[in-house]
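Shown next: upload_34.tsv, given as TSV, C-alpha atoms and all ligand atoms.
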chain	number	residue	atom	x	y	z
Y	1	MET	CA	23.73	3.98	-5.13
Y	2	LYS	CA	20.97	6.23	-6.42
Y	3	GLN	CA	21.50	5.09	-9.99
Y	4	GLN	CA	21.39	1.48	-8.97
Y	5	THR	CA	18.27	1.76	-6.86
Y	6	LEU	CA	16.15	3.64	-9.29
Y	7	ASN	CA	17.42	1.84	-12.36
Y	8	GLY	CA	14.34	-0.30	-12.49
Y	9	SER	CA	11.91	2.57	-12.01
Y	10	THR	CA	9.43	3.16	-14.80
Y	11	ASP	CA	10.62	5.35	-17.64
Y	12	ARG	CA	8.75	8.68	-17.53
Y	13	ARG	CA	7.93	8.20	-21.20
Y	14	ILE	CA	6.03	4.95	-20.46
Y	15	ASP	CA	4.16	6.94	-17.86
Y	16	ALA	CA	3.40	9.55	-20.56
Y	17	LEU	CA	2.32	6.80	-22.98
Y	18	LEU	CA	-0.16	5.42	-20.47
Y	19	ALA	CA	-1.61	8.85	-19.79
Y	20	LEU	CA	-1.88	9.57	-23.52
Y	21	LEU	CA	-3.72	6.30	-24.15
Y	22	ALA	CA	-6.01	6.86	-21.19
Y	23	ASP	CA	-6.81	10.41	-22.33
Y	24	ASN	CA	-7.68	9.17	-25.80
Y	25	ALA	CA	-9.67	6.11	-24.79
Y	26	MET	CA	-11.70	4.67	-27.68
Y	27	ILE	CA	-9.91	6.84	-30.27
Y	28	VAL	CA	-7.40	5.45	-32.76
Y	29	ILE	CA	-4.07	7.28	-32.39
Y	30	SER	CA	-1.33	6.71	-34.90
Y	31	GLY	CA	1.96	5.21	-33.78
Y	32	SER	CA	3.83	8.20	-35.19
Y	33	LYS	CA	1.70	10.68	-33.24
Y	34	ILE	CA	2.37	8.79	-30.01
Y	35	ALA	CA	6.06	8.56	-30.89
Y	36	ARG	CA	6.23	12.31	-31.53
Y	37	GLU	CA	4.35	13.26	-28.38
Y	38	ILE	CA	6.40	11.16	-26.01
Y	39	GLY	CA	9.70	11.54	-27.82
Y	40	VAL	CA	10.62	7.96	-28.82
Y	41	SER	CA	10.71	5.95	-32.05
Y	42	ARG	CA	7.66	4.10	-33.40
Y	43	SER	CA	9.33	0.79	-32.77
Y	44	THR	CA	9.86	1.73	-29.12
Y	45	VAL	CA	6.16	2.60	-28.88
Y	46	TRP	CA	5.37	-0.87	-30.26
Y	47	ARG	CA	7.74	-2.54	-27.82
Y	48	TRP	CA	6.26	-0.71	-24.85
Y	49	ILE	CA	2.69	-1.43	-25.93
Y	50	GLU	CA	3.58	-5.12	-26.09
Y	51	LYS	CA	5.00	-4.91	-22.57
Y	52	LEU	CA	1.87	-3.18	-21.31
Y	53	ARG	CA	-0.31	-5.78	-23.04
Y	54	SER	CA	1.49	-8.46	-21.07
Y	55	LEU	CA	0.36	-6.60	-17.93
Y	56	GLY	CA	-3.26	-6.74	-19.01
Y	57	LEU	CA	-3.56	-3.47	-20.94
Y	58	ARG	CA	-6.17	-3.92	-23.65
Y	59	VAL	CA	-5.05	-2.06	-26.79
Y	60	LYS	CA	-6.13	-2.88	-30.32
Y	61	GLY	CA	-3.97	-2.19	-33.35
Y	62	HIS	CA	-0.37	-2.11	-34.47
Y	63	PRO	CA	2.16	0.47	-35.70
Y	64	ARG	CA	0.63	0.95	-39.15
Y	65	SER	CA	-3.06	1.13	-38.22
Y	66	GLY	CA	-2.58	3.07	-35.00
Y	67	TYR	CA	-3.58	2.08	-31.50
Y	68	GLN	CA	-6.89	2.13	-29.71
Y	69	ILE	CA	-7.24	1.48	-26.05
Y	70	GLU	CA	-10.26	-0.66	-25.17
Y	71	LYS	CA	-10.34	0.07	-21.48
Y	72	VAL	CA	-8.67	2.76	-19.37
Y	73	PRO	CA	-5.67	1.00	-17.83
Y	74	ASP	CA	-5.55	0.17	-14.16
Y	75	ILE	CA	-1.79	0.50	-13.98
Y	76	LEU	CA	-0.50	2.59	-11.10
Y	77	ALA	CA	1.24	5.06	-13.39
Y	78	PRO	CA	2.28	8.27	-11.60
Y	79	LYS	CA	0.53	10.56	-14.10
Y	80	LEU	CA	-2.75	8.67	-13.77
Y	81	LEU	CA	-2.49	8.69	-9.99
Y	82	ARG	CA	-1.38	12.26	-9.52
Y	83	ARG	CA	-4.31	13.73	-11.38
Y	84	ARG	CA	-6.61	12.17	-8.78
Y	85	LEU	CA	-4.76	13.65	-5.83
Y	86	PRO	CA	-5.26	17.04	-4.21
Y	87	PRO	CA	-2.21	19.32	-3.98
Y	88	GLY	CA	0.02	18.47	-1.02
Y	89	PRO	CA	3.03	16.36	-0.17
Y	90	PHE	CA	1.33	12.95	-0.39
Y	91	GLY	CA	2.07	11.58	-3.83
Y	92	LYS	CA	3.72	14.75	-5.10
Y	93	ARG	CA	6.65	12.49	-5.90
Y	94	ILE	CA	5.83	8.95	-7.03
Y	95	HIS	CA	8.40	6.30	-7.97
Y	96	HIS	CA	6.73	3.54	-9.96
Y	97	PHE	CA	8.21	0.11	-10.72
Y	98	PHE	CA	6.84	-2.69	-12.86
Y	99	LYS	CA	8.89	-5.12	-10.79
Y	100	ILE	CA	11.00	-4.54	-7.71
Y	101	ASP	CA	12.21	-6.58	-4.75
Y	102	SER	CA	10.42	-4.54	-2.08
Y	103	THR	CA	8.97	-1.02	-2.13
Y	104	ASN	CA	10.01	-0.65	1.53
Y	105	SER	CA	13.66	-1.29	0.64
Y	106	VAL	CA	13.54	1.36	-2.09
Y	107	ALA	CA	11.79	3.84	0.22
Y	108	MET	CA	14.44	3.34	2.93
Y	109	LEU	CA	17.16	4.13	0.39
Y	110	LEU	CA	15.27	7.16	-0.85
Y	111	GLY	CA	14.91	8.27	2.76
Y	112	GLU	CA	18.68	8.10	3.08
Y	113	GLN	CA	19.02	10.19	-0.07
Y	114	GLY	CA	16.83	12.97	1.31
Y	115	GLU	CA	13.56	12.41	-0.59
Y	116	PRO	CA	10.80	14.53	0.94
Y	117	ASN	CA	7.94	13.65	3.28
Y	118	GLY	CA	5.03	12.12	1.37
Y	119	THR	CA	7.11	10.48	-1.39
Y	120	VAL	CA	5.45	7.30	-2.65
Y	121	VAL	CA	7.10	4.13	-3.97
Y	122	ILE	CA	4.72	1.80	-5.77
Y	123	ALA	CA	5.10	-1.44	-7.73
Y	124	GLU	CA	3.01	-3.67	-9.95
Y	125	GLU	CA	4.88	-6.69	-8.59
Y	126	GLN	CA	7.36	-7.43	-5.78
Y	127	THR	CA	9.83	-10.27	-5.94
Y	128	ALA	CA	10.75	-10.10	-2.24
Y	129	GLY	CA	7.84	-8.35	-0.55
Y	130	ARG	CA	8.47	-8.24	3.18
Y	131	GLY	CA	6.00	-8.74	6.01
Y	132	ARG	CA	6.36	-8.46	9.77
Y	133	ALA	CA	8.36	-10.95	11.79
Y	134	GLY	CA	10.43	-12.02	8.79
Y	135	HIS	CA	7.44	-13.21	6.77
Y	136	THR	CA	7.23	-12.65	3.05
Y	137	TRP	CA	4.34	-10.75	1.48
Y	138	TYR	CA	2.67	-12.51	-1.42
Y	139	SER	CA	2.79	-9.88	-4.19
Y	140	GLU	CA	0.96	-11.16	-7.25
Y	141	LYS	CA	1.52	-9.13	-10.42
Y	142	THR	CA	-0.91	-6.20	-11.02
Y	143	ASN	CA	-3.57	-7.62	-8.71
Y	144	GLY	CA	-2.50	-5.99	-5.48
Y	145	ILE	CA	-1.32	-2.67	-4.14
Y	146	TYR	CA	2.30	-2.71	-3.02
Y	147	MET	CA	3.13	0.76	-1.85
Y	148	THR	CA	5.38	2.52	0.62
Y	149	VAL	CA	4.96	6.09	1.82
Y	150	LEU	CA	8.06	7.86	3.08
Y	151	LEU	CA	7.40	10.10	6.08
Y	152	ARG	CA	9.52	12.45	8.12
Y	153	PRO	CA	7.35	12.90	11.20
Y	154	PRO	CA	8.51	15.46	13.77
Y	155	ILE	CA	7.88	13.04	16.66
Y	156	ALA	CA	9.91	11.00	19.13
Y	157	PRO	CA	10.80	7.42	18.11
Y	158	GLN	CA	8.65	6.13	20.98
Y	159	GLN	CA	5.62	7.46	19.15
Y	160	ALA	CA	6.43	5.63	15.93
Y	161	PRO	CA	3.90	2.80	16.55
Y	162	LEU	CA	1.22	5.44	16.12
Y	163	ILE	CA	2.25	5.87	12.48
Y	164	THR	CA	1.20	2.27	11.79
Y	165	LEU	CA	-2.18	3.01	13.38
Y	166	VAL	CA	-2.50	6.17	11.24
Y	167	ALA	CA	-1.89	4.10	8.10
Y	168	GLY	CA	-4.36	1.39	9.19
Y	169	LEU	CA	-7.07	3.97	9.81
Y	170	ALA	CA	-6.43	5.52	6.39
Y	171	VAL	CA	-6.67	2.14	4.65
Y	172	ARG	CA	-9.88	1.36	6.51
Y	173	GLU	CA	-11.47	4.63	5.39
Y	174	ALA	CA	-10.40	4.07	1.77
Y	175	ILE	CA	-11.86	0.54	1.80
Y	176	VAL	CA	-15.19	1.70	3.22
Y	177	GLU	CA	-15.41	4.32	0.46
Y	178	GLN	CA	-14.36	1.90	-2.25
Y	179	THR	CA	-16.42	-1.15	-1.30
Y	180	GLY	CA	-19.15	0.02	1.07
Y	181	MET	CA	-17.98	-2.76	3.40
Y	182	VAL	CA	-16.46	-2.07	6.81
Y	183	PRO	CA	-13.28	-4.01	7.63
Y	184	ASP	CA	-11.91	-4.64	11.11
Y	185	LEU	CA	-8.50	-3.46	12.29
Y	186	ARG	CA	-6.38	-5.99	14.14
Y	187	TRP	CA	-3.79	-4.21	16.21
Y	188	PRO	CA	-1.36	-3.00	15.14
Y	189	ASN	CA	-1.33	-3.45	11.40
Y	190	ASP	CA	-3.81	-5.82	9.81
Y	191	LEU	CA	-7.11	-5.22	8.07
Y	192	LEU	CA	-9.58	-8.07	8.04
Y	193	PHE	CA	-12.90	-9.17	6.69
Y	194	GLY	CA	-14.14	-11.61	9.29
Y	195	ARG	CA	-11.05	-13.48	10.38
Y	196	LYS	CA	-9.30	-13.18	7.03
Y	197	LYS	CA	-6.62	-10.62	6.33
Y	198	PHE	CA	-6.47	-8.61	3.11
Y	199	CYS	CA	-4.04	-5.84	4.10
Y	200	GLY	CA	-0.84	-5.66	6.12
Y	201	ILE	CA	1.36	-2.73	7.07
Y	202	LEU	CA	5.09	-2.84	7.67
Y	203	THR	CA	6.57	0.27	9.26
Y	204	GLU	CA	10.36	0.60	9.28
Y	205	MET	CA	12.34	3.57	10.44
Y	206	ASN	CA	15.71	5.21	10.66
Y	207	ALA	CA	16.03	7.03	13.98
Y	208	GLU	CA	18.34	8.10	16.76
Y	209	GLN	CA	17.53	8.04	20.47
Y	210	ASP	CA	15.36	11.14	20.33
Y	211	GLN	CA	14.81	11.86	16.67
Y	212	ILE	CA	13.24	10.10	13.72
Y	213	HIS	CA	15.03	10.66	10.42
Y	214	TYR	CA	12.46	8.93	8.25
Y	215	VAL	CA	9.83	6.23	8.34
Y	216	ALA	CA	8.85	3.87	5.52
Y	217	VAL	CA	5.21	2.86	5.84
Y	218	GLY	CA	4.70	-0.17	3.58
Y	219	ILE	CA	1.14	-1.12	2.73
Y	220	GLY	CA	0.17	-4.35	0.97
Y	221	ILE	CA	-3.45	-4.84	-0.11
Y	222	ASN	CA	-4.90	-7.91	-1.82
Y	223	VAL	CA	-7.23	-6.27	-4.31
Y	224	ASN	CA	-8.11	-8.25	-7.42
Y	225	HIS	CA	-6.77	-11.68	-6.52
Y	226	GLU	CA	-9.35	-14.21	-7.65
Y	227	ARG	CA	-7.95	-16.66	-5.14
Y	228	VAL	CA	-5.12	-16.75	-2.62
Y	229	PRO	CA	-2.53	-19.55	-2.50
Y	230	ASP	CA	-3.79	-22.74	-0.80
Y	231	GLU	CA	-1.49	-22.30	2.19
Y	232	LEU	CA	-3.03	-18.87	2.90
Y	233	SER	CA	-6.65	-19.68	2.10
Y	234	GLU	CA	-7.68	-20.08	5.77
Y	235	ILE	CA	-6.24	-16.74	6.83
Y	236	ALA	CA	-6.18	-14.45	3.80
Y	237	THR	CA	-8.65	-12.93	1.38
Y	238	SER	CA	-8.89	-10.14	-1.21
Y	239	LEU	CA	-11.33	-7.33	-1.97
Y	240	ARG	CA	-12.43	-9.18	-5.08
Y	241	ILE	CA	-13.15	-12.39	-3.17
Y	242	GLU	CA	-15.16	-10.47	-0.57
Y	243	THR	CA	-17.11	-8.14	-2.88
Y	244	HIS	CA	-17.39	-10.41	-5.95
Y	245	ARG	CA	-16.12	-7.69	-8.27
Y	246	ALA	CA	-12.86	-6.19	-9.45
Y	247	HIS	CA	-11.69	-2.81	-8.13
Y	248	SER	CA	-9.72	0.02	-9.67
Y	249	ARG	CA	-6.35	0.06	-7.95
Y	250	VAL	CA	-5.71	3.58	-9.23
Y	251	GLU	CA	-8.90	4.77	-7.54
Y	252	LEU	CA	-8.09	2.91	-4.34
Y	253	VAL	CA	-4.53	4.25	-4.09
Y	254	ALA	CA	-5.82	7.80	-4.66
Y	255	ARG	CA	-8.40	7.38	-1.90
Y	256	LEU	CA	-5.79	5.89	0.38
Y	257	LEU	CA	-3.31	8.72	-0.10
Y	258	ARG	CA	-6.01	11.31	0.54
Y	259	HIS	CA	-6.90	9.60	3.82
Y	260	MET	CA	-3.23	9.16	4.78
Y	261	ASP	CA	-2.77	12.89	4.34
Y	262	SER	CA	-5.81	13.62	6.45
Y	263	TYR	CA	-5.04	11.18	9.32
Y	264	TYR	CA	-1.37	12.10	9.37
Y	265	ASN	CA	-2.25	15.77	9.74
Y	266	ARG	CA	-4.79	14.95	12.39
Y	267	PHE	CA	-2.05	13.11	14.28
Y	268	LEU	CA	0.35	16.06	14.05
Y	269	VAL	CA	-2.27	18.68	14.92
Y	270	GLU	CA	-4.48	16.92	17.48
Y	271	GLY	CA	-1.85	14.55	18.85
Y	272	PRO	CA	-1.72	10.82	19.64
Y	273	GLU	CA	-4.97	10.90	21.66
Y	274	ALA	CA	-7.02	11.51	18.52
Y	275	ILE	CA	-5.48	8.50	16.78
Y	276	VAL	CA	-5.72	6.20	19.80
Y	277	ALA	CA	-9.36	7.23	20.33
Y	278	ARG	CA	-10.31	6.63	16.69
Y	279	PHE	CA	-8.51	3.28	16.56
Y	280	SER	CA	-10.24	2.16	19.76
Y	281	GLU	CA	-13.58	3.18	18.29
Y	282	VAL	CA	-13.29	1.15	15.10
Y	283	SER	CA	-11.17	-1.89	16.05
Y	284	SER	CA	-12.86	-4.87	17.69
Y	285	TYR	CA	-9.39	-5.86	18.94
Y	286	ALA	CA	-8.85	-2.79	21.10
Y	287	ARG	CA	-10.82	-3.93	24.13
Y	288	GLY	CA	-12.43	-7.07	25.47
Y	289	LYS	CA	-11.12	-9.45	22.81
Y	290	ARG	CA	-9.60	-12.82	23.75
Y	291	VAL	CA	-6.32	-12.95	21.86
Y	292	ARG	CA	-3.35	-15.24	21.42
Y	293	ILE	CA	0.02	-13.50	21.22
Y	294	THR	CA	2.89	-15.34	19.62
Y	295	THR	CA	6.41	-14.05	20.14
Y	296	VAL	CA	9.70	-15.58	19.04
Y	297	THR	CA	10.02	-17.43	22.33
Y	298	ASP	CA	6.53	-17.66	23.71
Y	299	THR	CA	2.78	-17.90	23.15
Y	300	TYR	CA	0.23	-16.59	25.61
Y	301	VAL	CA	-3.47	-15.84	25.78
Y	302	GLY	CA	-5.16	-12.82	27.33
Y	303	THR	CA	-7.91	-10.22	26.97
Y	304	THR	CA	-7.31	-6.82	25.40
Y	305	GLU	CA	-7.64	-3.82	27.73
Y	306	GLY	CA	-7.38	-0.76	25.48
Y	307	LEU	CA	-4.45	1.15	23.99
Y	308	GLU	CA	-1.73	3.05	25.79
Y	309	PRO	CA	-1.20	6.73	24.84
Y	310	GLY	CA	1.79	5.68	22.71
Y	311	GLY	CA	-0.35	3.23	20.73
Y	312	LEU	CA	0.72	-0.04	22.38
Y	313	LEU	CA	-2.01	-2.57	23.15
Y	314	ARG	CA	-2.65	-3.55	26.77
Y	315	VAL	CA	-3.45	-7.18	27.45
Y	316	LYS	CA	-4.74	-8.66	30.69
Y	317	HIS	CA	-2.95	-11.96	31.22
Y	318	ASP	CA	-4.80	-14.84	32.84
Y	319	ASP	CA	-2.79	-14.27	36.07
Y	320	GLY	CA	-4.31	-10.78	36.29
Y	321	ARG	CA	-1.30	-8.73	35.17
Y	322	ILE	CA	-2.00	-6.03	32.56
Y	323	LEU	CA	0.97	-5.50	30.24
Y	324	PRO	CA	1.52	-3.82	26.87
Y	325	VAL	CA	2.33	-6.00	23.88
Y	326	ILE	CA	5.85	-5.01	22.84
Y	327	ALA	CA	6.38	-7.60	20.15
Y	328	GLY	CA	4.47	-10.51	18.72
Y	329	THR	CA	1.70	-11.51	16.39
Y	330	LEU	CA	-1.88	-11.28	17.50
Y	331	THR	CA	-4.71	-13.63	16.58
Y	332	GLU	CA	-8.17	-14.10	17.95
Y	333	ALA	CA	-8.17	-16.90	20.55
Y	334	ASP	CA	-10.87	-19.50	19.90
Y	401	LIG	C1	2.49	-7.74	7.34
Y	401	LIG	O1	1.27	-7.83	7.54
Y	401	LIG	O2	3.25	-8.63	7.70
Y	401	LIG	C2	3.03	-6.51	6.65
Y	401	LIG	C3	2.99	-6.65	5.17
Y	401	LIG	C4	3.49	-5.43	4.44
Y	401	LIG	C5	3.58	-5.65	2.95
Y	401	LIG	C6	3.92	-4.39	2.23
Y	401	LIG	S1	3.75	-4.56	0.47
Y	401	LIG	C7	4.50	-3.01	0.24
Y	401	LIG	C8	5.63	-2.91	1.23
Y	401	LIG	N1	6.83	-3.49	0.71
Y	401	LIG	C9	7.21	-4.58	1.37
Y	401	LIG	O3	8.20	-5.28	1.12
Y	401	LIG	N2	6.35	-4.81	2.38
Y	401	LIG	C10	5.31	-3.82	2.43

Rewrite the structure of this file - the entire thing - as structure tokens.
Amino acid sequence: MKQQTLNGSTDRRIDALLALLADNAMIVISGSKIAREIGVSRSTVWRWIEKLRSLGLRVKGHPRSGYQIEKVPDILAPKLLRRRLPPGPFGKRIHHFFKIDSTNSVAMLLGEQGEPNGTVVIAEEQTAGRGRAGHTWYSEKTNGIYMTVLLRPPIAPQQAPLITLVAGLAVREAIVEQTGMVPDLRWPNDLLFGRKKFCGILTEMNAEQDQIHYVAVGIGINVNHERVPDELSEIATSLRIETHRAHSRVELVARLLRHMDSYYNRFLVEGPEAIVARFSEVSSYARGKRVRITTVTDTYVGTTEGLEPGGLLRVKHDDGRILPVIAGTLTEAD
């Protein structure tokens, strides 16, 4: 199973090639030097450079003249990412894919195989990106961040919803740092600019009654999409659309993992209250918002009444009852 799952993961030598090119930006390096340093033939170097060009890498030259990178690549290569991360479990192990069905599916398999807390699965493109409630996640090649963090939290399964809040808070912080703009958090797992979503989080877990084995926290961020598909244009946006400039995904992922580390530790050390309090502080959806909740069988409208200690959202129904939202999709009621 292991072989099969990680078959598509990026060859470590491509990772080394990207780091070598990035470290020698603007310098011509001969094909034979690259070949020697990463331990492949010159023709393989050529083949890989062609593949990377198709992903937007700007490299001048060919095997005889040598290669010269024109711009440091924004490919989420483990070596490029890891050098931006502090020591610690988050991102210590990174599995990169140019193309995969879903990073969450890979992370769940890696969880089964005993990969450690903080392992990251990341892809340039997903062919079957999954969203909540059976939706698909639009995963355009090299323009978004499609990443799953594997966690082994020492908490009860009932507290698992808090992990989604932890991830949302971390994304929010990373976005503020990256763009200077402050997004809203829509409980439990969306990040918005205005009413348009640019990030979603899908948390899946393997647990018993009283013990979590592992959790896969999947994060999808629309980063450099110049436009979103017509059918999503009313409800979705990207960082590029909102800020009118492109963003370094490598930088953003590094920021995000640093904040994940910090919020996750805060959760473990200070407990759920700290996370619930912070979420309530920064999300306009936590209290006093008229919302529409759509479940598989039902749609109802109510007003949000704060979060429960376990992270569930309380909603006051129009008949006066206050109940937590167990399942369903939330939108702002007009
Ligand atoms: C949602 O808002 O519905 C959740 C979307 C989660 C998408 C991410 S992209 C990376 C990870 N892999 C998946 O298949 N899904 C999540």

Taking all atoms listed in the file into account, report as a PyMOL selection string which residues have an atom no farther than 7 Å from an atom of ligand LIG 401 (chain Y).
chain Y and resi 102-105+128-133+135+137+146-148+189-190+199-202+218-220

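For the choices Y:Ser32, Y:Gln178, Y:Ser41, Y:Ser283, the atom-to-atom distance to Arg64 of chain Y is smallest for Y:Ser32 when using only C-alpha atoms.
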
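The coordinates place atom CA of Ile94 of chain Y at 28.9 Å from atom CA of Thr243 of chain Y.
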
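Among Y:Ile145, Y:Ile155, Y:Ala246, Y:Leu165, the residue with the shortest atom-to-atom distance to Ala286 of chain Y, counting all atoms listed in the file, is Y:Leu165.
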
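With only C-alpha atoms as the atoms that count, the residue of Y:Leu169, Y:Gln126, Y:Met108, Y:Gly310 with the shortest distance to Pro157 of chain Y is Y:Gly310.
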
Between atom CA of Leu256 of chain Y and atom CA of Val291 of chain Y, what is the distance, to one decimal in Å?
28.6 Å

Using only C-alpha atoms: which of Y:Val40, Y:Gly118, Y:Pro229, Y:Ala25 has the shortest distance to Asn265 of chain Y
Y:Gly118

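Taking atom CA of Phe90 of chain Y and atom CA of Val149 of chain Y as the two end points, the separation is 8.1 Å.
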
Excluding Thr44 of chain Y and any residue of its chain fewer than 6 positions from it, enumerate the residues within 12 Å of it, using only C-alpha atoms, and give them as an MDAnalysis selection string.
chainID Y and resid 13:14 17 31:32 34:36 38 50:51 63

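Comparing the minimum interatomic distances between Lys316 of chain Y and each of Y:Val282, Y:Gly288, Y:Tyr138, Y:Thr294, counting all atoms listed in the file, we find that Y:Gly288 sits nearest.
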
12 Å contact set for Glu140 of chain Y, all atoms listed in the file, chain neighbours under 6 positions out, as a PyMOL selection string
chain Y and resi 55+98-99+123-129+146+220-229+238
